[in-house]
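Novice: Dropping in final-v4.csv, which is CSV, C-alpha atoms and all ligand atoms:
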```
chain,number,residue,atom,x,y,z
L,134,MET,CA,140.8,88.9,100.4
L,135,THR,CA,140.0,90.9,103.5
L,136,THR,CA,136.6,92.5,104.1
L,137,THR,CA,135.9,95.3,106.4
L,138,GLU,CA,132.7,95.0,108.3
L,139,ASP,CA,130.5,98.0,107.7
L,140,THR,CA,129.1,99.0,111.2
L,141,THR,CA,127.3,102.1,110.0
L,142,TYR,CA,123.7,101.9,111.2
L,143,ARG,CA,121.1,102.1,108.4
L,144,PRO,CA,117.7,103.4,109.5
L,145,THR,CA,114.7,101.1,109.2
L,146,THR,CA,111.4,102.2,107.6
L,147,ARG,CA,107.9,102.2,108.9
L,148,ARG,CA,104.6,103.2,107.4
L,149,LEU,CA,102.5,105.8,109.2
L,150,GLY,CA,99.1,104.3,109.6
L,151,ASP,CA,97.2,102.6,106.8
L,152,THR,CA,97.2,105.7,104.6
L,153,GLY,CA,100.4,107.7,105.6
L,154,PRO,CA,103.8,107.9,104.1
L,155,THR,CA,106.6,105.4,104.6
L,156,VAL,CA,109.3,107.1,106.8
L,157,THR,CA,112.5,106.1,108.5
L,158,SER,CA,112.5,105.5,112.2
L,159,PRO,CA,113.5,107.3,114.4
L,160,GLY,CA,112.5,110.7,113.0
L,161,LEU,CA,114.0,114.0,113.9
L,162,GLY,CA,112.1,116.7,115.9
L,163,ALA,CA,113.3,120.2,115.0
L,164,MET,CA,111.8,122.1,118.0
L,165,SER,CA,114.9,122.4,120.1
L,166,LEU,CA,116.9,123.7,117.0
L,167,ALA,CA,114.9,126.8,117.6
L,168,GLY,CA,116.4,127.3,121.1
L,169,VAL,CA,113.4,126.2,123.1
L,170,TYR,CA,115.6,124.1,125.5
L,171,GLY,CA,118.6,126.4,125.5
L,172,PRO,CA,120.9,128.4,123.2
L,173,THR,CA,121.7,126.9,119.8
L,174,ASP,CA,124.1,127.6,117.0
L,175,ASP,CA,122.4,127.8,113.6
L,176,ALA,CA,125.4,126.3,111.7
L,177,GLU,CA,125.5,123.4,114.1
L,178,SER,CA,121.7,122.9,113.7
L,179,VAL,CA,122.1,122.7,109.9
L,180,ARG,CA,125.0,120.2,110.4
L,181,ALA,CA,122.7,118.1,112.6
L,182,LEU,CA,120.0,118.1,109.9
L,183,HIS,CA,122.6,117.2,107.3
L,184,ALA,CA,123.9,114.3,109.5
L,185,PHE,CA,120.3,113.0,109.7
L,186,LEU,CA,119.6,113.2,106.0
L,187,ASP,CA,123.1,112.0,105.0
L,188,ALA,CA,122.4,108.8,107.0
L,189,GLY,CA,119.4,108.1,104.8
L,190,SER,CA,116.9,109.2,107.4
L,191,THR,CA,113.8,111.0,106.2
L,192,LEU,CA,111.2,112.1,108.7
L,193,ILE,CA,111.7,115.7,110.1
L,194,ASP,CA,109.0,117.2,112.3
L,195,THR,CA,108.6,120.9,112.9
L,196,GLY,CA,106.0,123.6,113.8
L,197,ASP,CA,105.6,127.0,112.2
L,198,PHE,CA,105.6,128.5,115.7
L,199,TYR,CA,109.0,126.9,116.8
L,200,GLY,CA,111.1,130.0,117.2
L,201,ALA,CA,108.3,131.9,115.2
L,202,GLY,CA,109.4,130.2,111.9
L,203,HIS,CA,113.1,129.8,112.8
L,204,SER,CA,113.0,126.0,112.9
L,205,GLU,CA,111.4,126.0,109.4
L,206,LEU,CA,114.0,128.4,108.1
L,207,LEU,CA,116.8,126.1,109.3
L,208,ILE,CA,115.2,123.1,107.6
L,209,GLY,CA,114.9,125.2,104.4
L,210,ARG,CA,118.6,126.0,104.7
L,211,ALA,CA,119.5,122.4,105.2
L,212,LEU,CA,117.3,121.2,102.3
L,213,ALA,CA,118.7,123.8,99.9
L,214,GLU,CA,121.9,121.7,99.9
L,215,ARG,CA,120.1,118.3,99.7
L,216,SER,CA,117.3,116.9,97.6
L,217,ARG,CA,113.8,117.8,98.8
L,218,GLU,CA,112.7,114.3,97.9
L,219,ASP,CA,115.1,112.9,100.6
L,220,ALA,CA,112.9,114.3,103.3
L,221,VAL,CA,109.4,113.7,104.7
L,222,LEU,CA,108.4,117.0,106.3
L,223,SER,CA,105.8,117.0,109.0
L,224,VAL,CA,104.6,120.5,109.9
L,225,LYS,CA,102.3,121.7,112.8
L,226,PHE,CA,100.4,125.0,112.6
L,227,GLY,CA,97.8,126.8,114.7
L,228,ALA,CA,99.7,128.1,117.8
L,229,THR,CA,99.4,131.8,118.1
L,230,LEU,CA,102.3,133.9,119.5
L,231,GLU,CA,102.9,137.4,120.9
L,232,PRO,CA,105.8,139.3,119.2
L,233,GLY,CA,108.3,138.1,121.7
L,234,GLY,CA,107.5,134.5,120.7
L,235,MET,CA,105.6,133.4,123.8
L,236,PRO,CA,102.5,131.2,123.0
L,237,THR,CA,99.1,132.8,123.5
L,238,GLY,CA,96.6,130.1,122.3
L,239,PHE,CA,95.4,128.2,119.2
L,240,ASP,CA,93.7,129.2,116.0
L,241,ALA,CA,92.8,126.4,113.7
L,242,ARG,CA,90.0,128.0,111.8
L,243,PRO,CA,89.8,127.0,108.1
L,244,GLU,CA,90.8,130.4,106.8
L,245,ARG,CA,94.0,130.2,108.8
L,246,VAL,CA,95.1,126.9,107.2
L,247,ALA,CA,95.9,128.3,103.7
L,248,THR,CA,97.7,131.3,105.0
L,249,SER,CA,99.8,129.4,107.5
L,250,LEU,CA,100.7,126.9,104.8
L,251,ALA,CA,101.8,129.6,102.4
L,252,TYR,CA,104.3,131.0,104.9
L,253,SER,CA,105.6,127.5,105.8
L,254,LEU,CA,106.2,126.6,102.2
L,255,ARG,CA,108.2,129.7,101.7
L,256,ARG,CA,110.3,129.3,104.8
L,257,LEU,CA,110.9,125.6,104.0
L,258,GLY,CA,111.7,126.4,100.4
L,259,THR,CA,109.4,123.7,99.1
L,260,ASP,CA,106.1,123.4,97.1
L,261,HIS,CA,104.5,120.8,99.4
L,262,VAL,CA,104.4,119.6,102.9
L,263,ASP,CA,104.2,115.8,103.4
L,264,ILE,CA,102.1,115.8,106.6
L,265,TYR,CA,100.3,118.9,107.9
L,266,ARG,CA,98.6,119.0,111.2
L,267,PRO,CA,97.0,121.4,113.8
L,268,ALA,CA,99.3,121.5,116.9
L,269,ARG,CA,96.2,121.3,119.1
L,270,LEU,CA,92.5,121.0,118.8
L,271,ASP,CA,91.1,124.5,118.7
L,272,PRO,CA,88.2,124.4,121.2
L,273,ASP,CA,86.2,126.9,119.1
L,274,VAL,CA,86.5,125.1,115.8
L,275,PRO,CA,85.0,121.6,115.1
L,276,ILE,CA,87.8,119.3,114.0
L,277,GLU,CA,85.8,118.6,110.8
L,278,GLU,CA,86.3,122.2,109.7
L,279,THR,CA,90.1,122.2,110.3
L,280,VAL,CA,90.6,118.8,108.7
L,281,GLY,CA,88.3,119.8,105.8
L,282,ALA,CA,90.5,122.8,105.1
L,283,ILE,CA,93.6,120.7,105.1
L,284,GLN,CA,91.9,118.2,102.8
L,285,GLU,CA,91.4,121.1,100.3
L,286,GLN,CA,95.2,121.6,100.4
L,287,VAL,CA,95.7,117.9,99.8
L,288,GLU,CA,93.5,118.2,96.7
L,289,ALA,CA,95.4,121.3,95.6
L,290,GLY,CA,98.7,119.4,95.9
L,291,TYR,CA,100.3,121.5,98.6
L,292,VAL,CA,99.9,118.8,101.3
L,293,ARG,CA,100.3,115.0,100.9
L,294,HIS,CA,98.8,113.7,104.2
L,295,ILE,CA,96.8,114.9,107.2
L,296,GLY,CA,98.0,114.4,110.8
L,297,LEU,CA,96.8,115.3,114.2
L,298,SER,CA,98.5,116.2,117.5
L,299,GLU,CA,97.5,115.7,121.2
L,300,VAL,CA,93.9,114.8,120.5
L,301,GLY,CA,91.7,112.1,122.2
L,302,PRO,CA,89.7,109.2,120.9
L,303,GLU,CA,86.5,111.1,120.0
L,304,THR,CA,88.4,113.7,118.0
L,305,LEU,CA,90.4,110.9,116.3
L,306,ARG,CA,87.1,109.2,115.3
L,307,ARG,CA,85.5,112.4,114.0
L,308,ALA,CA,88.5,113.4,111.9
L,309,ALA,CA,89.0,109.9,110.5
L,310,ALA,CA,85.4,109.8,109.5
L,311,LEU,CA,86.0,112.8,107.3
L,312,ALA,CA,89.5,112.2,105.7
L,313,PRO,CA,92.4,109.7,105.9
L,314,ILE,CA,94.6,110.5,108.9
L,315,SER,CA,98.2,109.3,108.7
L,316,ASP,CA,99.3,109.7,112.3
L,317,LEU,CA,98.7,111.2,115.7
L,318,GLN,CA,101.6,113.0,117.2
L,319,ILE,CA,101.6,112.6,121.0
L,320,GLU,CA,103.9,112.3,124.0
L,321,TYR,CA,105.0,108.8,124.7
L,322,SER,CA,108.1,107.7,126.6
L,323,LEU,CA,109.4,105.6,129.5
L,324,LEU,CA,107.9,108.3,131.7
L,325,SER,CA,104.8,109.2,129.7
L,326,ARG,CA,102.8,106.0,129.0
L,327,GLU,CA,99.4,107.7,129.3
L,328,ILE,CA,98.3,106.7,125.8
L,329,GLU,CA,98.4,103.1,126.9
L,330,GLY,CA,95.8,103.7,129.6
L,331,ASN,CA,93.4,106.3,128.2
L,332,GLY,CA,92.3,104.6,125.0
L,333,ILE,CA,94.3,106.8,122.6
L,334,LEU,CA,96.7,104.1,121.4
L,335,ALA,CA,93.9,101.5,121.1
L,336,THR,CA,91.8,104.0,119.1
L,337,CYS,CA,94.7,104.8,116.7
L,338,ARG,CA,95.2,101.0,116.2
L,339,GLU,CA,91.5,100.5,115.6
L,340,LEU,CA,91.4,103.3,113.0
L,341,GLY,CA,94.7,102.5,111.3
L,342,ILE,CA,96.3,105.7,112.4
L,343,GLY,CA,100.0,105.7,113.1
L,344,VAL,CA,101.7,107.3,116.1
L,345,THR,CA,104.6,109.7,115.9
L,346,ALA,CA,105.8,109.7,119.5
L,347,TYR,CA,107.4,112.9,120.9
L,348,GLY,CA,109.2,113.6,124.2
L,349,VAL,CA,110.8,110.1,123.8
L,350,LEU,CA,113.8,111.3,125.9
L,351,ALA,CA,111.3,112.7,128.4
L,352,LYS,CA,112.4,116.1,127.0
L,353,GLY,CA,116.0,115.3,127.8
L,354,LEU,CA,115.5,114.0,131.3
L,355,VAL,CA,116.5,110.4,130.5
L,356,ALA,CA,119.9,111.8,129.5
L,357,GLY,CA,120.0,114.1,132.6
L,358,ARG,CA,119.4,117.2,130.5
L,359,THR,CA,117.5,120.1,132.0
L,360,GLY,CA,117.1,123.9,131.5
L,361,GLY,CA,115.4,126.3,129.1
L,362,ALA,CA,111.6,126.0,128.8
L,363,ARG,CA,111.9,122.6,130.7
L,364,GLU,CA,112.2,124.5,134.0
L,365,ASN,CA,108.4,125.2,133.6
L,366,PHE,CA,107.5,121.6,133.3
L,367,PRO,CA,106.3,119.9,136.6
L,368,ARG,CA,108.4,116.8,136.0
L,369,PHE,CA,111.5,119.0,136.1
L,370,GLN,CA,110.7,120.7,139.3
L,371,GLY,CA,111.8,120.2,142.9
L,372,GLU,CA,111.0,116.8,144.4
L,373,ASN,CA,109.3,115.6,141.2
L,374,LEU,CA,112.7,115.9,139.4
L,375,GLU,CA,114.5,113.9,142.0
L,376,ARG,CA,111.9,111.2,142.1
L,377,ASN,CA,111.7,111.0,138.3
L,378,ARG,CA,115.5,110.7,138.2
L,379,ALA,CA,115.3,107.9,140.7
L,380,LEU,CA,112.7,106.1,138.6
L,381,LEU,CA,114.9,106.2,135.5
L,382,GLU,CA,117.9,105.0,137.5
L,383,GLN,CA,116.1,101.7,137.9
L,384,VAL,CA,116.5,100.9,134.2
L,385,GLN,CA,120.1,102.1,133.8
L,386,GLY,CA,121.4,98.6,134.1
L,387,ILE,CA,119.4,97.5,131.1
L,388,ALA,CA,121.0,100.3,129.0
L,389,ALA,CA,124.4,99.3,130.3
L,390,ALA,CA,123.8,95.6,129.5
L,391,HIS,CA,123.2,96.6,125.9
L,392,GLY,CA,126.2,98.9,125.7
L,393,ALA,CA,123.7,101.7,125.2
L,394,SER,CA,123.1,105.2,126.6
L,395,MET,CA,119.9,105.9,128.5
L,396,ALA,CA,118.8,108.0,125.5
L,397,GLN,CA,119.3,105.0,123.2
L,398,LEU,CA,117.4,102.7,125.6
L,399,ALA,CA,114.5,105.2,125.7
L,400,ILE,CA,114.3,105.4,121.8
L,401,ALA,CA,114.6,101.6,121.5
L,402,TRP,CA,111.9,101.1,124.0
L,403,VAL,CA,109.4,103.3,122.1
L,404,ALA,CA,110.3,101.7,118.8
L,405,ALA,CA,109.7,98.3,120.4
L,406,ARG,CA,106.2,99.2,121.4
L,407,GLY,CA,104.8,98.6,117.9
L,408,GLU,CA,105.5,98.8,114.2
L,409,ASP,CA,102.9,101.5,114.0
L,410,ILE,CA,104.9,103.8,116.3
L,411,VAL,CA,107.7,106.0,115.1
L,412,PRO,CA,109.8,107.8,117.8
L,413,LEU,CA,110.6,111.4,117.1
L,414,VAL,CA,113.8,112.7,118.8
L,415,GLY,CA,114.7,116.3,119.5
L,416,ALA,CA,118.4,115.7,118.6
L,417,ARG,CA,119.9,119.1,118.0
L,418,ARG,CA,123.6,118.4,117.5
L,419,PRO,CA,125.3,116.1,115.0
L,420,ASP,CA,126.6,113.8,117.8
L,421,GLN,CA,123.1,113.6,119.2
L,422,VAL,CA,121.8,112.6,115.8
L,423,THR,CA,124.4,109.9,115.4
L,424,SER,CA,123.6,108.5,118.9
L,425,MET,CA,119.9,108.6,118.1
L,426,LEU,CA,120.3,106.7,114.9
L,427,GLU,CA,122.6,104.1,116.6
L,428,SER,CA,119.7,103.3,118.9
L,429,GLY,CA,118.5,101.1,116.0
L,430,ALA,CA,121.1,98.6,117.0
L,431,VAL,CA,119.6,98.2,120.5
L,432,HIS,CA,117.3,95.1,120.4
L,433,LEU,CA,115.4,94.7,123.7
L,434,GLU,CA,114.4,91.2,124.8
L,435,ALA,CA,111.1,90.3,126.4
L,436,GLU,CA,112.9,90.1,129.7
L,437,ASP,CA,114.1,93.7,129.3
L,438,LEU,CA,110.6,94.9,128.4
L,439,ALA,CA,109.2,93.1,131.5
L,440,ARG,CA,111.7,94.7,133.8
L,441,ILE,CA,110.9,98.1,132.3
L,442,ASP,CA,107.1,97.5,132.8
L,443,ALA,CA,107.7,96.6,136.4
L,444,ALA,CA,110.0,99.7,137.1
L,445,LEU,CA,108.1,102.3,135.0
L,446,PRO,CA,104.4,101.3,134.7
L,447,VAL,CA,101.7,103.6,133.2
L,448,GLY,CA,101.3,106.5,135.6
L,449,ALA,CA,104.7,106.1,137.3
L,450,ALA,CA,106.0,109.6,136.6
L,451,HIS,CA,105.8,112.3,139.2
L,452,GLY,CA,104.2,115.6,138.1
L,453,GLU,CA,102.0,116.4,135.0
L,454,ARG,CA,103.4,116.5,131.5
L,455,TYR,CA,102.9,120.3,131.2
L,456,PRO,CA,102.0,123.2,133.5
L,457,ALA,CA,98.3,123.4,134.3
L,458,ALA,CA,97.4,126.0,131.7
L,459,PHE,CA,99.0,123.9,128.9
L,460,MET,CA,97.3,120.7,130.3
L,461,ALA,CA,93.9,122.4,130.0
L,462,GLN,CA,94.6,122.9,126.2
L,463,LEU,CA,95.1,119.2,125.6
L,464,ASP,CA,92.1,117.4,124.1
L,465,SER,CA,94.1,114.2,124.8
L,466,GLU,CA,93.8,114.8,128.5
L,467,HIS,CA,90.0,115.3,128.6
L,501,LIG,N1,103.0,117.6,119.0
L,501,LIG,C1,103.4,118.2,120.1
L,501,LIG,O1,102.6,118.7,120.9
L,501,LIG,C2,104.9,118.3,120.4
L,501,LIG,C3,105.3,118.8,121.6
L,501,LIG,C4,106.7,118.9,121.8
L,501,LIG,C5,107.6,118.3,120.9
L,501,LIG,N2,107.1,117.8,119.7
L,501,LIG,C6,108.0,117.3,118.6
L,501,LIG,O2,108.8,116.3,119.2
L,501,LIG,C7,110.2,116.5,119.1
L,501,LIG,C8,110.9,115.9,120.2
L,501,LIG,O3,110.4,116.4,121.5
L,501,LIG,P1,111.3,117.1,122.6
L,501,LIG,O4,112.4,117.8,121.9
L,501,LIG,O5,110.4,117.9,123.5
L,501,LIG,O6,111.7,115.9,123.5
L,501,LIG,P2,112.9,114.9,123.5
L,501,LIG,O7,113.3,114.4,122.2
L,501,LIG,O8,112.5,113.9,124.5
L,501,LIG,O9,114.1,115.7,124.2
L,501,LIG,C9,115.0,116.5,123.4
L,501,LIG,C10,116.2,116.9,124.2
L,501,LIG,O10,116.9,115.7,124.6
L,501,LIG,C11,118.3,115.9,124.5
L,501,LIG,N3,118.9,115.0,123.5
L,501,LIG,C12,118.6,114.9,122.2
L,501,LIG,N4,119.2,113.9,121.6
L,501,LIG,C13,119.9,113.3,122.5
L,501,LIG,C14,120.8,112.2,122.5
L,501,LIG,N5,121.0,111.5,121.4
L,501,LIG,N6,121.4,111.9,123.7
L,501,LIG,C15,121.1,112.6,124.8
L,501,LIG,N7,120.3,113.6,124.9
L,501,LIG,C16,119.7,114.0,123.7
L,501,LIG,C17,118.5,117.4,124.1
L,501,LIG,O11,118.7,118.1,125.3
L,501,LIG,P3,119.7,119.5,125.2
L,501,LIG,O12,118.9,120.4,124.4
L,501,LIG,O13,119.7,119.9,126.7
L,501,LIG,O14,121.0,119.0,124.6
L,501,LIG,C18,117.2,117.7,123.4
L,501,LIG,O15,116.9,119.1,123.5
L,501,LIG,C19,110.3,118.1,119.0
L,501,LIG,O16,111.4,118.5,118.4
L,501,LIG,C20,109.0,118.4,118.2
L,501,LIG,O17,109.3,118.2,116.8
L,501,LIG,C21,105.8,117.8,119.4
```
Rewrite the structure of this file - the entire thing - as structure tokens.
Ligand SMILES: NC(=O)c1ccc[n+]([C@@H]2O[C@H](COP(=O)([O-])OP(=O)(O)OC[C@H]3O[C@@H](n4cnc5c(N)ncnc54)[C@H](OP(=O)(O)O)[C@@H]3O)[C@@H](O)[C@H]2O)c1

Specialist:
Amino acid sequence: MTTTEDTTYRPTTRRLGDTGPTVTSPGLGAMSLAGVYGPTDDAESVRALHAFLDAGSTLIDTGDFYGAGHSELLIGRALAERSREDAVLSVKFGATLEPGGMPTGFDARPERVATSLAYSLRRLGTDHVDIYRPARLDPDVPIEETVGAIQEQVEAGYVRHIGLSEVGPETLRRAAALAPISDLQIEYSLLSREIEGNGILATCRELGIGVTAYGVLAKGLVAGRTGGARENFPRFQGENLERNRALLEQVQGIAAAHGASMAQLAIAWVAARGEDIVPLVGARRPDQVTSMLESGAVHLEAEDLARIDAALPVGAAHGERYPAAFMAQLDSEH
């Protein structure tokens, strides 16, 4: 009898923090489906979401402000043809927009929570969100008030877990003192290792809060992708761009030795940083989803990790993560 080896990669699972849901890793970030990094095709975006779910993957992250609701509508379309229970939906709220879709600030007042959630549920075509989180700390609203309002929605059954995004150690502590926090969503990649040096990762670990890492592909830079809103990011500009490319080139040999792409190396590296970390990847085409999931087959050795540490230590990147006005809005950077 002959057997055919099944080489299809099956996603692994990880629990988000001590109190959060169990999800598959890596998760899918649905921001670029809304055209943030360049033009998209809706039918292809839905195919990408289906490719992810059909592989048995669960965690999909979005924000109600990604394309002013467009990302959520695409997820709703994709889920209409699949089982809602197959997905774990993480939704951010609080960013305010002008009618053209440009961001204007943040509003995470308690009264905003229920209304934002009502619209998200309708766009997603569901009766609950698995993880609901403010996209940023609203400087005018104590975190206890925002988290308290989400907790009310947990008690009402519309939300399962509470998450946070881009906040620092003190805010993490205050929020966790009030309610169980499943995970912190924050940038973490080969080029963005700030959370290792500023106490954020250590605080998450101390408090039993998981990390959903975003920008794992350095917003596409590890794969040589540029354009769209990325042109506004300092790391994609002028001399910074050339120097960051040169930094990444130093680890290309490690990817090649594993028969992996640089994107797969970048995902595997974040996944290797701890069982409490789940990489989120902004794959927006079916082939990118497949390549993202196949990163699970890349097992980095201690020697690889040491070479990466030497080439890309904390603080190696050239340029800030965001333009100055956006950096000023990050509680995680204060
Ligand atoms: N909490 C927050 O503050 C925050 C902020 C930003 C993002 N996020 C979340 O994190 C997710 C990911 O972040 P991100 O999209 O900024 O960064 P990313 O995952 O580092 O980069 C995404 C870009 O990388 C390229 N790409 C995707 N899959 C690829 C693959 N398999 N191989 C090669 N290139 C690939 C695509 O570029 P092209 O489009 O050029 O093809 C894509 O737009 C977002 O979707 C969102 O859900 C959260």

Novice: Extract, using all atoms listed in the file, all DNA, RNA and protein residues at most 7 Å from region 169-181 of chain L, discarding same-chain residues fewer than 6 positions from it, and format them as number ranges by chain.

Specialist: L: 207, 211, 360-363, 417-419, 422

Novice: Now that the selection is made, can you save its residues with C-alpha atoms as a compact mmCIF listing (two decimals), keeping the file's coordinate frame?

Specialist:
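After the write, again-v8.txt holds the following:
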```
# COMPACT_ATOMS: atom_id res chain seq x y z
CA LEU L 207 116.80 126.10 109.30
CA ALA L 211 119.50 122.40 105.20
CA GLY L 360 117.10 123.90 131.50
CA GLY L 361 115.40 126.30 129.10
CA ALA L 362 111.60 126.00 128.80
CA ARG L 363 111.90 122.60 130.70
CA ARG L 417 119.90 119.10 118.00
CA ARG L 418 123.60 118.40 117.50
CA PRO L 419 125.30 116.10 115.00
CA VAL L 422 121.80 112.60 115.80
```

Novice: Just to confirm, what's the straight-line distance from CA of Glu218 (chain L) to atom C16 of ligand LIG 501 (chain L) in Å (one decimal)?

Specialist: 26.7 Å

Novice: May I ask which of the residues L:Leu324, L:Ala443, L:Ala251, L:Ala312 is the closest one to ligand LIG 501 (chain L), counting all atoms listed in the file?

Specialist: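 Closest candidate: L:Leu324.
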
Novice: Counting all atoms listed in the file, figure out which residue out of L:Met235, L:Leu257, L:Thr145, L:Asp464 gets nearest to Pro272 (chain L).

Specialist: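 Closest to Pro272 (chain L), using all atoms listed in the file: L:Asp464.
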
Novice: Kindly assemble as a Markdown table a list of the chain L residues that lie within 6 Å of ligand LIG 501 (chain L), each paired with its nearest atom pair and their distance in Å to one decimal, using all atoms listed in the file, sorted first by chain and then by ascending residue number.

Specialist:
```
| residue | atom | partner | partner_atom | distance |
| --- | --- | --- | --- | --- |
| L:Gly162 | CA | L:LIG501 | O16 | 3.2 |
| L:Ala163 | CA | L:LIG501 | O16 | 4.2 |
| L:Met164 | CA | L:LIG501 | O16 | 3.6 |
| L:Ser165 | CA | L:LIG501 | O15 | 5.1 |
| L:Tyr170 | CA | L:LIG501 | O12 | 5.1 |
| L:Asp194 | CA | L:LIG501 | O17 | 4.6 |
| L:Thr195 | CA | L:LIG501 | O17 | 4.8 |
| L:Ala268 | CA | L:LIG501 | N1 | 5.8 |
| L:Ser298 | CA | L:LIG501 | N1 | 4.9 |
| L:Glu299 | CA | L:LIG501 | O1 | 5.9 |
| L:Gln318 | CA | L:LIG501 | N1 | 5.1 |
| L:Ile319 | CA | L:LIG501 | N1 | 5.6 |
| L:Tyr347 | CA | L:LIG501 | O2 | 4.1 |
| L:Gly348 | CA | L:LIG501 | O8 | 3.3 |
| L:Val349 | CA | L:LIG501 | O8 | 4.2 |
| L:Leu350 | CA | L:LIG501 | O8 | 3.2 |
| L:Ala351 | CA | L:LIG501 | O8 | 4.3 |
| L:Lys352 | CA | L:LIG501 | O9 | 3.3 |
| L:Gly353 | CA | L:LIG501 | O10 | 3.3 |
| L:Ala356 | CA | L:LIG501 | C15 | 4.9 |
| L:Arg358 | CA | L:LIG501 | O13 | 4.7 |
| L:Thr359 | CA | L:LIG501 | O13 | 5.7 |
| L:Ala396 | CA | L:LIG501 | N6 | 5.0 |
| L:Leu413 | CA | L:LIG501 | C8 | 5.5 |
| L:Val414 | CA | L:LIG501 | O7 | 3.8 |
| L:Gly415 | CA | L:LIG501 | O7 | 3.6 |
| L:Ala416 | CA | L:LIG501 | N4 | 3.6 |
| L:Gln421 | CA | L:LIG501 | N5 | 3.7 |
| L:Val422 | CA | L:LIG501 | N5 | 5.8 |
| L:Ser424 | CA | L:LIG501 | N5 | 4.7 |
| L:Met425 | CA | L:LIG501 | N5 | 4.5 |
```

Novice: Using all atoms listed in the file, which of L:Arg326, L:Arg245, L:His203, L:His294 sits nearest Gly153 (chain L)?

Specialist: L:His294

Novice: Go through L:Arg338, L:Arg256, L:His467, L:His432 one by one, measure the shortest atom-to-atom distance of each to Gly407 (chain L) using all atoms listed in the file, and give the residue with the smallest value.

Specialist: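 Between L:Arg338, L:Arg256, L:His467, L:His432, the residue approaching Gly407 (chain L) most closely is L:Arg338.
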